[in-house]
>>> print(open('data13.cif').read())   # mmCIF, C-alpha atoms and all ligand atoms
data_my_file
loop_
_atom_site.label_atom_id
_atom_site.label_comp_id
_atom_site.auth_asym_id
_atom_site.auth_seq_id
_atom_site.Cartn_x
_atom_site.Cartn_y
_atom_site.Cartn_z
CA MET A 1 42.64 -68.98 -63.80
CA SER A 2 39.09 -69.76 -62.71
CA LEU A 3 38.91 -73.39 -61.66
CA LYS A 4 35.60 -74.90 -60.61
CA TYR A 5 36.11 -75.25 -56.85
CA ARG A 6 33.33 -76.38 -54.54
CA THR A 7 30.84 -73.76 -53.38
CA GLY A 8 32.03 -71.73 -50.41
CA LEU A 9 35.70 -72.76 -50.56
CA SER A 10 36.95 -69.32 -51.54
CA ASP A 11 35.18 -67.81 -48.51
CA ILE A 12 36.99 -70.06 -46.05
CA PRO A 13 39.75 -68.08 -44.36
CA SER A 14 43.21 -69.61 -44.15
CA TYR A 15 44.26 -70.65 -40.66
CA ASP A 16 45.84 -67.50 -39.24
CA ALA A 17 48.41 -69.10 -36.94
CA LYS A 18 50.77 -70.35 -39.64
CA PRO A 19 54.27 -69.94 -38.24
CA GLU A 20 55.74 -66.94 -40.03
CA ARG A 21 59.10 -67.82 -38.51
CA ILE A 22 60.67 -70.08 -35.90
CA TRP A 23 61.17 -68.18 -32.67
CA GLY A 24 64.00 -68.53 -30.17
CA ILE A 25 61.27 -68.80 -27.55
CA GLN A 26 58.25 -70.43 -29.15
CA ILE A 27 55.22 -69.76 -26.94
CA ASN A 28 52.51 -69.17 -29.52
CA ALA A 29 50.88 -72.59 -29.99
CA ASN A 30 50.36 -73.98 -26.47
CA GLU A 31 52.88 -76.71 -27.12
CA CYS A 32 54.74 -78.40 -24.29
CA ASN A 33 58.25 -76.89 -24.26
CA MET A 34 59.80 -79.84 -22.44
CA PRO A 35 61.16 -82.90 -24.24
CA MET A 36 59.57 -86.31 -23.72
CA PRO A 37 60.53 -87.94 -20.38
CA PRO A 38 63.75 -89.91 -21.17
CA LEU A 39 62.29 -93.24 -20.01
CA VAL A 40 59.33 -92.82 -22.33
CA GLU A 41 61.47 -91.67 -25.25
CA GLU A 42 63.64 -94.76 -24.97
CA ARG A 43 60.61 -97.07 -25.11
CA VAL A 44 59.10 -95.12 -28.01
CA LEU A 45 62.29 -95.25 -30.08
CA THR A 46 62.66 -98.99 -29.47
CA ARG A 47 59.06 -99.55 -30.52
CA LEU A 48 59.49 -97.40 -33.64
CA SER A 49 62.49 -99.47 -34.66
CA ARG A 50 60.19 -102.51 -34.86
CA VAL A 51 57.47 -100.95 -37.03
CA ALA A 52 56.52 -102.92 -40.13
CA PHE A 53 56.64 -100.04 -42.60
CA ASN A 54 55.17 -102.13 -45.42
CA ARG A 55 51.91 -102.82 -43.57
CA TYR A 56 48.79 -100.71 -43.19
CA PRO A 57 47.99 -99.83 -39.59
CA ASN A 58 45.57 -102.41 -38.20
CA GLU A 59 45.86 -103.66 -34.64
CA GLN A 60 47.75 -100.50 -33.59
CA TYR A 61 44.52 -98.50 -33.80
CA ALA A 62 42.61 -101.05 -31.74
CA ASP A 63 45.40 -101.29 -29.16
CA LEU A 64 45.30 -97.57 -28.41
CA ALA A 65 41.49 -97.32 -28.53
CA ASP A 66 41.19 -100.32 -26.16
CA GLN A 67 43.63 -98.81 -23.72
CA ILE A 68 41.78 -95.48 -23.68
CA ALA A 69 38.42 -97.24 -23.32
CA LYS A 70 39.69 -99.26 -20.36
CA ASN A 71 40.98 -96.15 -18.62
CA PHE A 72 37.59 -94.44 -18.86
CA GLY A 73 35.51 -97.55 -18.26
CA VAL A 74 33.72 -97.30 -21.61
CA ALA A 75 33.38 -99.83 -24.44
CA PRO A 76 36.13 -99.74 -27.10
CA GLU A 77 33.43 -98.92 -29.67
CA GLN A 78 32.86 -95.65 -27.80
CA VAL A 79 36.35 -94.42 -28.73
CA LEU A 80 37.28 -92.87 -32.07
CA LEU A 81 40.86 -91.82 -32.74
CA GLY A 82 41.83 -88.94 -34.98
CA SER A 83 44.88 -87.21 -36.47
CA GLY A 84 44.86 -84.74 -33.64
CA SER A 85 41.56 -83.81 -32.07
CA SER A 86 41.46 -81.37 -35.00
CA GLU A 87 40.48 -84.18 -37.33
CA ILE A 88 37.79 -85.28 -34.90
CA ILE A 89 36.34 -81.81 -34.48
CA GLU A 90 36.44 -81.23 -38.23
CA LYS A 91 34.56 -84.53 -38.79
CA LEU A 92 31.97 -83.65 -36.14
CA PHE A 93 31.28 -80.32 -37.83
CA TYR A 94 31.08 -82.14 -41.17
CA CYS A 95 28.69 -84.76 -39.82
CA PHE A 96 26.42 -82.25 -38.09
CA GLY A 97 26.71 -79.78 -40.97
CA GLY A 98 26.08 -80.18 -44.68
CA SER A 99 23.62 -77.34 -45.22
CA PRO A 100 22.93 -73.83 -43.91
CA ALA A 101 19.84 -75.21 -42.12
CA GLN A 102 22.20 -77.06 -39.74
CA LYS A 103 23.17 -74.68 -36.92
CA ILE A 104 26.35 -75.09 -34.90
CA VAL A 105 26.51 -73.05 -31.68
CA PHE A 106 29.73 -72.13 -29.88
CA PRO A 107 31.03 -69.29 -27.71
CA ASP A 108 33.24 -66.47 -29.00
CA PRO A 109 36.11 -65.97 -28.36
CA SER A 110 36.91 -69.67 -28.43
CA PHE A 111 39.02 -72.01 -30.57
CA SER A 112 39.41 -70.10 -33.84
CA MET A 113 39.15 -73.25 -35.95
CA TYR A 114 35.45 -73.68 -35.06
CA HIS A 115 34.63 -70.84 -37.47
CA ILE A 116 36.59 -72.48 -40.25
CA TYR A 117 35.15 -75.97 -39.70
CA ALA A 118 31.61 -74.54 -39.64
CA LYS A 119 32.19 -72.79 -42.97
CA ALA A 120 33.88 -75.84 -44.47
CA ALA A 121 30.90 -77.96 -43.42
CA GLN A 122 28.48 -75.46 -45.03
CA ALA A 123 26.70 -75.19 -41.70
CA THR A 124 25.51 -71.94 -40.12
CA GLU A 125 27.56 -70.84 -37.12
CA VAL A 126 25.80 -69.20 -34.20
CA VAL A 127 28.19 -67.55 -31.76
CA VAL A 128 27.42 -66.76 -28.14
CA PRO A 129 29.60 -63.82 -27.07
CA LEU A 130 31.46 -64.29 -23.80
CA GLU A 131 30.78 -61.74 -21.06
CA ALA A 132 33.19 -58.81 -20.48
CA ASP A 133 35.24 -60.95 -18.06
CA MET A 134 35.48 -63.71 -20.72
CA THR A 135 33.19 -66.09 -18.87
CA LEU A 136 30.26 -67.81 -20.55
CA ASP A 137 26.68 -67.13 -19.45
CA ILE A 138 25.35 -70.70 -19.64
CA ASP A 139 21.72 -69.56 -19.87
CA LYS A 140 22.53 -67.48 -22.93
CA PHE A 141 24.29 -70.50 -24.41
CA VAL A 142 21.34 -72.80 -23.73
CA SER A 143 18.92 -70.25 -25.25
CA ALA A 144 21.01 -69.98 -28.40
CA VAL A 145 21.02 -73.77 -28.76
CA VAL A 146 17.27 -74.09 -28.09
CA ASP A 147 16.20 -71.11 -30.23
CA ASN A 148 18.26 -72.31 -33.19
CA GLN A 149 17.41 -76.00 -32.76
CA ALA A 150 21.13 -76.53 -33.21
CA SER A 151 22.51 -79.74 -34.69
CA LEU A 152 25.71 -79.32 -32.66
CA ALA A 153 26.58 -77.31 -29.54
CA VAL A 154 30.27 -76.86 -28.76
CA ILE A 155 32.02 -75.85 -25.54
CA CYS A 156 35.79 -75.69 -25.18
CA ASN A 157 36.56 -76.37 -21.53
CA PRO A 158 38.96 -74.97 -20.38
CA ASN A 159 38.46 -72.42 -23.13
CA ASN A 160 41.17 -71.57 -25.63
CA PRO A 161 42.27 -68.73 -25.90
CA THR A 162 40.81 -67.25 -22.69
CA GLY A 163 41.85 -70.00 -20.25
CA THR A 164 38.51 -69.67 -18.44
CA VAL A 165 36.44 -72.67 -17.33
CA LEU A 166 32.99 -74.02 -16.68
CA SER A 167 32.43 -76.42 -13.80
CA VAL A 168 31.24 -79.96 -14.46
CA SER A 169 27.87 -78.95 -13.01
CA ASP A 170 27.69 -76.07 -15.53
CA ILE A 171 28.29 -78.60 -18.32
CA GLN A 172 25.61 -80.84 -16.83
CA TYR A 173 23.22 -77.87 -16.65
CA ILE A 174 23.76 -77.26 -20.36
CA ALA A 175 23.31 -80.97 -21.15
CA ASP A 176 20.08 -81.00 -19.11
CA ASN A 177 18.60 -77.96 -20.82
CA ILE A 178 19.47 -78.36 -24.49
CA PRO A 179 17.34 -80.57 -26.73
CA LYS A 180 18.13 -84.30 -26.67
CA ASP A 181 18.56 -84.22 -30.44
CA THR A 182 21.36 -81.65 -30.31
CA ALA A 183 24.83 -83.23 -30.19
CA PHE A 184 26.93 -81.65 -27.44
CA LEU A 185 30.70 -81.55 -27.91
CA VAL A 186 32.99 -80.67 -25.01
CA ASP A 187 36.48 -80.01 -26.35
CA GLU A 188 38.79 -80.92 -23.47
CA ALA A 189 42.14 -80.14 -25.13
CA TYR A 190 43.45 -78.59 -21.87
CA VAL A 191 41.60 -80.68 -19.29
CA GLU A 192 44.78 -82.23 -17.84
CA PHE A 193 45.72 -78.77 -16.53
CA TYR A 194 42.28 -78.31 -14.97
CA GLY A 195 41.55 -81.77 -13.64
CA LYS A 196 37.76 -81.60 -13.97
CA SER A 197 36.39 -83.57 -16.90
CA ALA A 198 32.86 -84.07 -18.16
CA VAL A 199 33.67 -87.71 -19.05
CA GLY A 200 31.61 -88.90 -16.07
CA LEU A 201 28.48 -87.47 -17.72
CA LEU A 202 28.76 -89.70 -20.81
CA LYS A 203 26.68 -92.52 -19.30
CA ASP A 204 23.73 -90.20 -18.64
CA TYR A 205 23.79 -88.12 -21.83
CA PRO A 206 23.82 -90.12 -25.09
CA ASN A 207 24.18 -86.86 -27.07
CA LEU A 208 27.43 -85.91 -25.26
CA ILE A 209 30.82 -86.08 -27.00
CA ILE A 210 34.20 -85.50 -25.35
CA ALA A 211 37.27 -84.63 -27.48
CA ARG A 212 40.80 -85.00 -26.11
CA THR A 213 44.29 -84.59 -27.54
CA PHE A 214 47.84 -85.83 -26.94
CA SER A 215 49.20 -82.53 -28.31
CA LYS A 216 49.13 -80.32 -25.24
CA ALA A 217 49.64 -81.95 -21.82
CA TYR A 218 51.47 -84.97 -23.30
CA GLY A 219 53.62 -82.87 -25.59
CA LEU A 220 52.93 -85.06 -28.64
CA ALA A 221 51.89 -82.32 -31.07
CA ALA A 222 54.23 -83.83 -33.68
CA THR A 223 52.35 -87.13 -33.77
CA ARG A 224 48.87 -85.69 -34.42
CA VAL A 225 46.81 -87.97 -32.17
CA GLY A 226 43.53 -87.18 -30.47
CA TYR A 227 40.40 -89.10 -29.56
CA MET A 228 36.72 -88.72 -28.86
CA LEU A 229 34.46 -90.53 -26.43
CA ALA A 230 30.72 -90.80 -27.07
CA SER A 231 27.83 -93.23 -27.24
CA ARG A 232 28.09 -96.07 -29.78
CA GLU A 233 25.31 -94.51 -31.82
CA ILE A 234 27.41 -91.39 -32.34
CA THR A 235 30.75 -93.12 -32.94
CA ASP A 236 29.10 -95.42 -35.52
CA MET A 237 27.83 -92.44 -37.47
CA ILE A 238 30.94 -90.25 -37.19
CA GLY A 239 33.12 -93.26 -38.05
CA LYS A 240 31.56 -93.28 -41.52
CA ALA A 241 33.19 -89.95 -42.32
CA TYR A 242 36.74 -91.25 -41.85
CA MET A 243 38.96 -92.68 -44.56
CA PRO A 244 40.30 -96.15 -43.94
CA TYR A 245 43.76 -96.03 -42.34
CA HIS A 246 43.53 -92.33 -41.49
CA MET A 247 45.90 -92.86 -38.56
CA ASN A 248 49.49 -93.91 -39.20
CA THR A 249 51.32 -96.64 -37.31
CA LEU A 250 54.20 -94.37 -36.22
CA SER A 251 51.83 -92.04 -34.39
CA LEU A 252 49.64 -94.82 -33.03
CA VAL A 253 52.46 -96.77 -31.41
CA THR A 254 54.03 -93.59 -30.04
CA ALA A 255 50.76 -92.47 -28.44
CA ASP A 256 50.13 -96.02 -27.20
CA ILE A 257 53.41 -96.10 -25.28
CA CYS A 258 52.97 -92.57 -23.94
CA TYR A 259 49.50 -93.49 -22.73
CA GLN A 260 50.81 -96.65 -21.03
CA MET A 261 53.44 -94.50 -19.33
CA ARG A 262 51.23 -91.52 -18.65
CA GLN A 263 52.32 -91.38 -14.99
CA GLU A 264 55.69 -90.20 -16.31
CA PHE A 265 54.01 -87.07 -17.68
CA VAL A 266 52.40 -86.05 -14.41
CA PRO A 267 55.47 -84.10 -13.20
CA HIS A 268 55.55 -82.22 -16.53
CA ILE A 269 51.92 -81.28 -16.20
CA GLN A 270 52.50 -80.13 -12.63
CA ILE A 271 55.42 -77.96 -13.72
CA MET A 272 53.28 -76.33 -16.42
CA ILE A 273 50.52 -75.65 -13.89
CA SER A 274 52.87 -74.19 -11.30
CA GLU A 275 54.59 -72.07 -13.94
CA ARG A 276 51.20 -70.74 -15.05
CA LYS A 277 50.39 -69.78 -11.46
CA ARG A 278 53.80 -68.22 -10.92
CA MET A 279 53.66 -66.19 -14.13
CA ALA A 280 50.05 -65.05 -13.59
CA GLU A 281 51.01 -63.72 -10.14
CA GLN A 282 54.02 -61.87 -11.52
CA VAL A 283 52.41 -60.41 -14.66
CA LYS A 284 49.43 -59.22 -12.63
CA GLN A 285 51.75 -56.91 -10.65
CA LEU A 286 53.09 -55.18 -13.76
CA LYS A 287 51.75 -51.70 -14.48
CA GLY A 288 49.44 -51.70 -17.48
CA PHE A 289 49.09 -55.50 -17.57
CA ALA A 290 46.04 -57.64 -16.77
CA VAL A 291 45.73 -61.42 -16.83
CA TYR A 292 42.59 -63.51 -17.19
CA PRO A 293 42.25 -66.42 -14.76
CA SER A 294 43.48 -69.58 -16.50
CA GLU A 295 43.25 -73.31 -15.84
CA THR A 296 45.46 -74.22 -18.82
CA ASN A 297 49.11 -74.08 -19.91
CA PHE A 298 48.73 -70.52 -21.22
CA LEU A 299 47.76 -67.03 -20.10
CA LEU A 300 45.65 -64.45 -21.90
CA VAL A 301 47.39 -61.16 -21.20
CA HIS A 302 45.84 -57.71 -21.73
CA ASN A 303 47.80 -54.53 -22.37
CA ASN A 304 46.64 -51.18 -23.75
CA ASP A 305 49.72 -50.90 -25.95
CA ILE A 306 49.55 -54.42 -27.34
CA ASP A 307 51.34 -53.53 -30.59
CA GLY A 308 54.24 -52.07 -28.64
CA LEU A 309 54.40 -55.12 -26.40
CA ILE A 310 54.33 -57.59 -29.29
CA GLU A 311 56.99 -55.61 -31.13
CA ARG A 312 59.21 -55.75 -28.04
CA LEU A 313 58.67 -59.48 -27.52
CA GLU A 314 59.35 -60.24 -31.19
CA ALA A 315 62.46 -58.05 -31.17
CA ASN A 316 63.67 -60.39 -28.43
CA ASP A 317 62.92 -63.44 -30.60
CA ILE A 318 59.86 -64.39 -28.55
CA GLY A 319 56.81 -65.58 -30.52
CA VAL A 320 53.36 -65.22 -28.91
CA ARG A 321 49.82 -65.70 -30.26
CA LYS A 322 48.36 -62.47 -31.63
CA PHE A 323 44.75 -61.67 -32.49
CA GLY A 324 43.40 -59.67 -35.41
CA LYS A 325 42.49 -55.99 -35.26
CA ASP A 326 38.76 -56.75 -35.45
CA SER A 327 38.90 -59.44 -32.77
CA ARG A 328 37.51 -58.85 -29.30
CA LEU A 329 40.97 -59.87 -28.16
CA LYS A 330 42.76 -57.18 -30.16
CA ASP A 331 44.35 -55.83 -26.95
CA CYS A 332 45.52 -59.26 -25.79
CA VAL A 333 48.22 -61.80 -26.47
CA ARG A 334 48.13 -65.44 -25.54
CA ILE A 335 51.34 -66.67 -23.96
CA SER A 336 51.99 -70.41 -23.61
CA MET A 337 53.99 -71.55 -20.61
CA GLY A 338 57.54 -72.44 -21.60
CA THR A 339 60.31 -73.77 -19.41
CA ARG A 340 61.08 -71.84 -16.23
CA GLU A 341 64.02 -70.11 -17.94
CA GLU A 342 61.93 -69.18 -20.99
CA ASN A 343 59.22 -67.79 -18.73
CA ASP A 344 61.73 -65.69 -16.82
CA THR A 345 62.99 -64.33 -20.15
CA TRP A 346 59.62 -63.23 -21.56
CA TYR A 347 58.64 -61.88 -18.16
CA ALA A 348 61.78 -59.72 -18.02
CA VAL A 349 60.86 -58.27 -21.42
CA CYS A 350 57.31 -57.52 -20.20
CA LYS A 351 58.66 -55.95 -17.01
CA ALA A 352 61.07 -53.70 -18.87
CA PHE A 353 58.25 -52.73 -21.23
CA SER A 354 55.94 -51.85 -18.33
CA GLU A 355 58.66 -49.70 -16.78
CA GLY A 356 59.27 -47.89 -20.05
CA ARG A 357 62.78 -49.30 -20.34
CA ALA A 358 64.20 -50.30 -23.72
C1 LIG A 401 45.17 -77.54 -29.69
C2 LIG A 401 43.70 -77.66 -29.69
C3 LIG A 401 43.00 -78.69 -30.36
C4 LIG A 401 43.58 -79.65 -31.30
O1 LIG A 401 44.79 -80.08 -31.14
P1 LIG A 401 45.31 -81.31 -32.02
O2 LIG A 401 46.76 -81.07 -32.05
O3 LIG A 401 44.67 -81.27 -33.35
O4 LIG A 401 44.92 -82.52 -31.26
C5 LIG A 401 41.65 -78.76 -30.24
N1 LIG A 401 40.96 -77.88 -29.53
C6 LIG A 401 41.58 -76.88 -28.89
C7 LIG A 401 40.76 -75.93 -28.14
C8 LIG A 401 42.95 -76.73 -28.96
O5 LIG A 401 43.53 -75.70 -28.35
#
>>> encode(input="data13.cif", output="structure tokens", more="lines below")
Ligand SMILES: *Cc1c(COP(=O)(O)O)cnc(C)c1O
Amino acid sequence: MSLKYRTGLSDIPSYDAKPERIWGIQINANECNMPMPPLVEERVLTRLSRVAFNRYPNEQYADLADQIAKNFGVAPEQVLLGSGSSEIIEKLFYCFGGSPAQKIVFPDPSFSMYHIYAKAAQATEVVVPLEADMTLDIDKFVSAVVDNQASLAVICNPNNPTGTVLSVSDIQYIADNIPKDTAFLVDEAYVEFYGKSAVGLLKDYPNLIIARTFSKAYGLAATRVGYMLASREITDMIGKAYMPYHMNTLSLVTADICYQMRQEFVPHIQIMISERKRMAEQVKQLKGFAVYPSETNFLLVHNNDIDGLIERLEANDIGVRKFGKDSRLKDCVRISMGTREENDTWYAVCKAFSEGRA
């Protein structure tokens, strides 16, 4: 059958992290492996029981956007919500794409979806390879943006899947040295684990855009809620690309309550950070293992026999994030921090593997 699909669609790869099975220990998607704090869950469930299912979402969008705006000291018009920050990032690529003449610059390895969104937007992607230690040379990044007169420059900070970071002054250096007519997106999906946000730069850089999500630190991946902060000029334009009522009331009220009660999540975030530190220290000691420094809820782990390691983990019903054979990360796996018990379990498998025990 040869249907008349839009140009380029057949070249877009399918997202490669589709769950092929549900794992006993699911540490492949950087989810939070702890349930919602009980106090928050109770409030959420009560609120959900009062939802008017027959009505389109109206004030629920404004309520959440207002609350976020207040927290950051920006105008409510500077906040756009999305079905996950995925929807926001996809819309940004769409709005700054549209033809091969539009260049979108981002580092590699970084969030794998950037490649797909660039293709889907019919833009040209320009990748800036990370250095051998998986850090970004910011001068190389700036040059790529300047030389290509990019429409959009993207940094994921902390970076998925490497866990590595730029400082806020590095971000400012990039903002200072790229053209004023290049939009600059900082994807802060993991910023709660790092604590250093570029949000403070928004007032000085009208081309800056910050994307955030409720999926990782707040453990709300199921609800699909994210947001972006930017100047009104940008949010007005990007807002045009959204369908009316693209956010549903169930997700909006859930995120609204979680955001009101965000103090309740602080202990969870601290546990994930301390588990990351604990596991990095331990894995580092294992023969044949190396760990990249991470400021997230996951670790990028290197091993020369990666296929053997993955096979062993999977045989123990542990699912981790793998990378393709032609990826620069072909000898790595990304391991999300689970509960303490889950972490002890995958670590024991790694330890036995490193000691050549079955
Ligand atoms: C998880 C993730 C997102 C998007 O998450 P949503 O669930 O769509 O909000 C965006 N960027 C990066 C780098 C991520 O890891």
>>> residues_near_point(input="data13.cif", point="(36.5, -58.4, -17.3)", cutoff="12 Å", atoms="all atoms listed in the file", output="number ranges by chain")
A: 130-136, 162, 164, 290-293, 300-302, 329
>>> closest_residue(input="data13.cif", among="A:Val168, A:Leu220, A:Leu208, A:Val145", to="ligand LIG 401 (chain A)", atoms="only C-alpha atoms and all ligand atoms")
A:Leu220
>>> residues_near_point(input="data13.cif", point="(30.6, -68.7, -23.9)", cutoff="12 Å", atoms="all atoms listed in the file", output="PyMOL selection string")
chain A and resi 105-111+126-145+153-166+170-171+174
>>> atom_distance(input="data13.cif", atom1="atom CA of Ile257 of chain A", atom2="atom CA of Arg50 of chain A")
13.4 Å
>>> closest_residue(input="data13.cif", among="A:Glu188, A:Glu41, A:Glu342, A:Asp305", to="ligand LIG 401 (chain A)", atoms="all atoms listed in the file")
A:Glu188
>>> atom_distance(input="data13.cif", atom1="atom CA of Leu45 of chain A", atom2="atom CA of Ala65 of chain A")
21.0 Å
>>> residues_near_ligand(input="data13.cif", ligand="ligand LIG 401 (chain A)", cutoff="9 Å", atoms="all atoms listed in the file", output="mmCIF file with C-alpha atoms, in the frame of the given file")
data_model
loop_
_atom_site.group_PDB
_atom_site.id
_atom_site.type_symbol
_atom_site.label_atom_id
_atom_site.label_comp_id
_atom_site.auth_asym_id
_atom_site.auth_seq_id
_atom_site.Cartn_x
_atom_site.Cartn_y
_atom_site.Cartn_z
ATOM 1 C CA ALA A 29 50.880 -72.590 -29.990
ATOM 2 C CA ASN A 30 50.360 -73.980 -26.470
ATOM 3 C CA GLU A 31 52.880 -76.710 -27.120
ATOM 4 C CA GLY A 82 41.830 -88.940 -34.980
ATOM 5 C CA SER A 83 44.880 -87.210 -36.470
ATOM 6 C CA GLY A 84 44.860 -84.740 -33.640
ATOM 7 C CA SER A 85 41.560 -83.810 -32.070
ATOM 8 C CA SER A 86 41.460 -81.370 -35.000
ATOM 9 C CA GLU A 87 40.480 -84.180 -37.330
ATOM 10 C CA ILE A 88 37.790 -85.280 -34.900
ATOM 11 C CA ILE A 89 36.340 -81.810 -34.480
ATOM 12 C CA SER A 110 36.910 -69.670 -28.430
ATOM 13 C CA PHE A 111 39.020 -72.010 -30.570
ATOM 14 C CA SER A 112 39.410 -70.100 -33.840
ATOM 15 C CA MET A 113 39.150 -73.250 -35.950
ATOM 16 C CA TYR A 114 35.450 -73.680 -35.060
ATOM 17 C CA CYS A 156 35.790 -75.690 -25.180
ATOM 18 C CA ASN A 157 36.560 -76.370 -21.530
ATOM 19 C CA PRO A 158 38.960 -74.970 -20.380
ATOM 20 C CA ASN A 159 38.460 -72.420 -23.130
ATOM 21 C CA ASN A 160 41.170 -71.570 -25.630
ATOM 22 C CA PRO A 161 42.270 -68.730 -25.900
ATOM 23 C CA ASP A 187 36.480 -80.010 -26.350
ATOM 24 C CA GLU A 188 38.790 -80.920 -23.470
ATOM 25 C CA ALA A 189 42.140 -80.140 -25.130
ATOM 26 C CA TYR A 190 43.450 -78.590 -21.870
ATOM 27 C CA ALA A 211 37.270 -84.630 -27.480
ATOM 28 C CA ARG A 212 40.800 -85.000 -26.110
ATOM 29 C CA THR A 213 44.290 -84.590 -27.540
ATOM 30 C CA PHE A 214 47.840 -85.830 -26.940
ATOM 31 C CA SER A 215 49.200 -82.530 -28.310
ATOM 32 C CA LYS A 216 49.130 -80.320 -25.240
ATOM 33 C CA LEU A 220 52.930 -85.060 -28.640
ATOM 34 C CA ALA A 221 51.890 -82.320 -31.070
ATOM 35 C CA ALA A 222 54.230 -83.830 -33.680
ATOM 36 C CA THR A 223 52.350 -87.130 -33.770
ATOM 37 C CA ARG A 224 48.870 -85.690 -34.420
ATOM 38 C CA VAL A 225 46.810 -87.970 -32.170
ATOM 39 C CA GLY A 226 43.530 -87.180 -30.470
ATOM 40 C CA TYR A 227 40.400 -89.100 -29.560
#
>>> closest_residue(input="data13.cif", among="A:Asn54, A:Asn148, A:Thr235, A:Thr46", to="Cys95 of chain A", atoms="only C-alpha atoms")
A:Thr235
>>> atom_distance(input="data13.cif", atom1="atom CA of Ser151 of chain A", atom2="atom CA of Thr182 of chain A")
4.9 Å
>>> closest_residue(input="data13.cif", among="A:Tyr94, A:Ile273, A:Thr7, A:Val74", to="Tyr242 of chain A", atoms="all atoms listed in the file")
A:Tyr94
>>> residues_around(input="data13.cif", residues="Arg278 of chain A", least_positions_apart="3", cutoff="12 Å", atoms="all atoms listed in the file", output="PDB file with C-alpha atoms, keeping the file's coordinate frame")
ATOM      1  CA  ILE A 271      55.420 -77.960 -13.720  1.00  0.00           C
ATOM      2  CA  MET A 272      53.280 -76.330 -16.420  1.00  0.00           C
ATOM      3  CA  ILE A 273      50.520 -75.650 -13.890  1.00  0.00           C
ATOM      4  CA  SER A 274      52.870 -74.190 -11.300  1.00  0.00           C
ATOM      5  CA  GLU A 275      54.590 -72.070 -13.940  1.00  0.00           C
ATOM      6  CA  GLU A 281      51.010 -63.720 -10.140  1.00  0.00           C
ATOM      7  CA  GLN A 282      54.020 -61.870 -11.520  1.00  0.00           C
ATOM      8  CA  VAL A 283      52.410 -60.410 -14.660  1.00  0.00           C
ATOM      9  CA  LYS A 284      49.430 -59.220 -12.630  1.00  0.00           C
ATOM     10  CA  GLN A 285      51.750 -56.910 -10.650  1.00  0.00           C
ATOM     11  CA  SER A 294      43.480 -69.580 -16.500  1.00  0.00           C
ATOM     12  CA  ASN A 297      49.110 -74.080 -19.910  1.00  0.00           C
ATOM     13  CA  PHE A 298      48.730 -70.520 -21.220  1.00  0.00           C
ATOM     14  CA  LEU A 299      47.760 -67.030 -20.100  1.00  0.00           C
ATOM     15  CA  MET A 337      53.990 -71.550 -20.610  1.00  0.00           C
ATOM     16  CA  ARG A 340      61.080 -71.840 -16.230  1.00  0.00           C
ATOM     17  CA  ASN A 343      59.220 -67.790 -18.730  1.00  0.00           C
ATOM     18  CA  ASP A 344      61.730 -65.690 -16.820  1.00  0.00           C
ATOM     19  CA  TYR A 347      58.640 -61.880 -18.160  1.00  0.00           C
TER      20      TYR A 347
END
>>> closest_residue(input="data13.cif", among="A:Gln26, A:Asn58, A:Gln260, A:Ser10", to="His246 of chain A", atoms="all atoms listed in the file")
A:Asn58
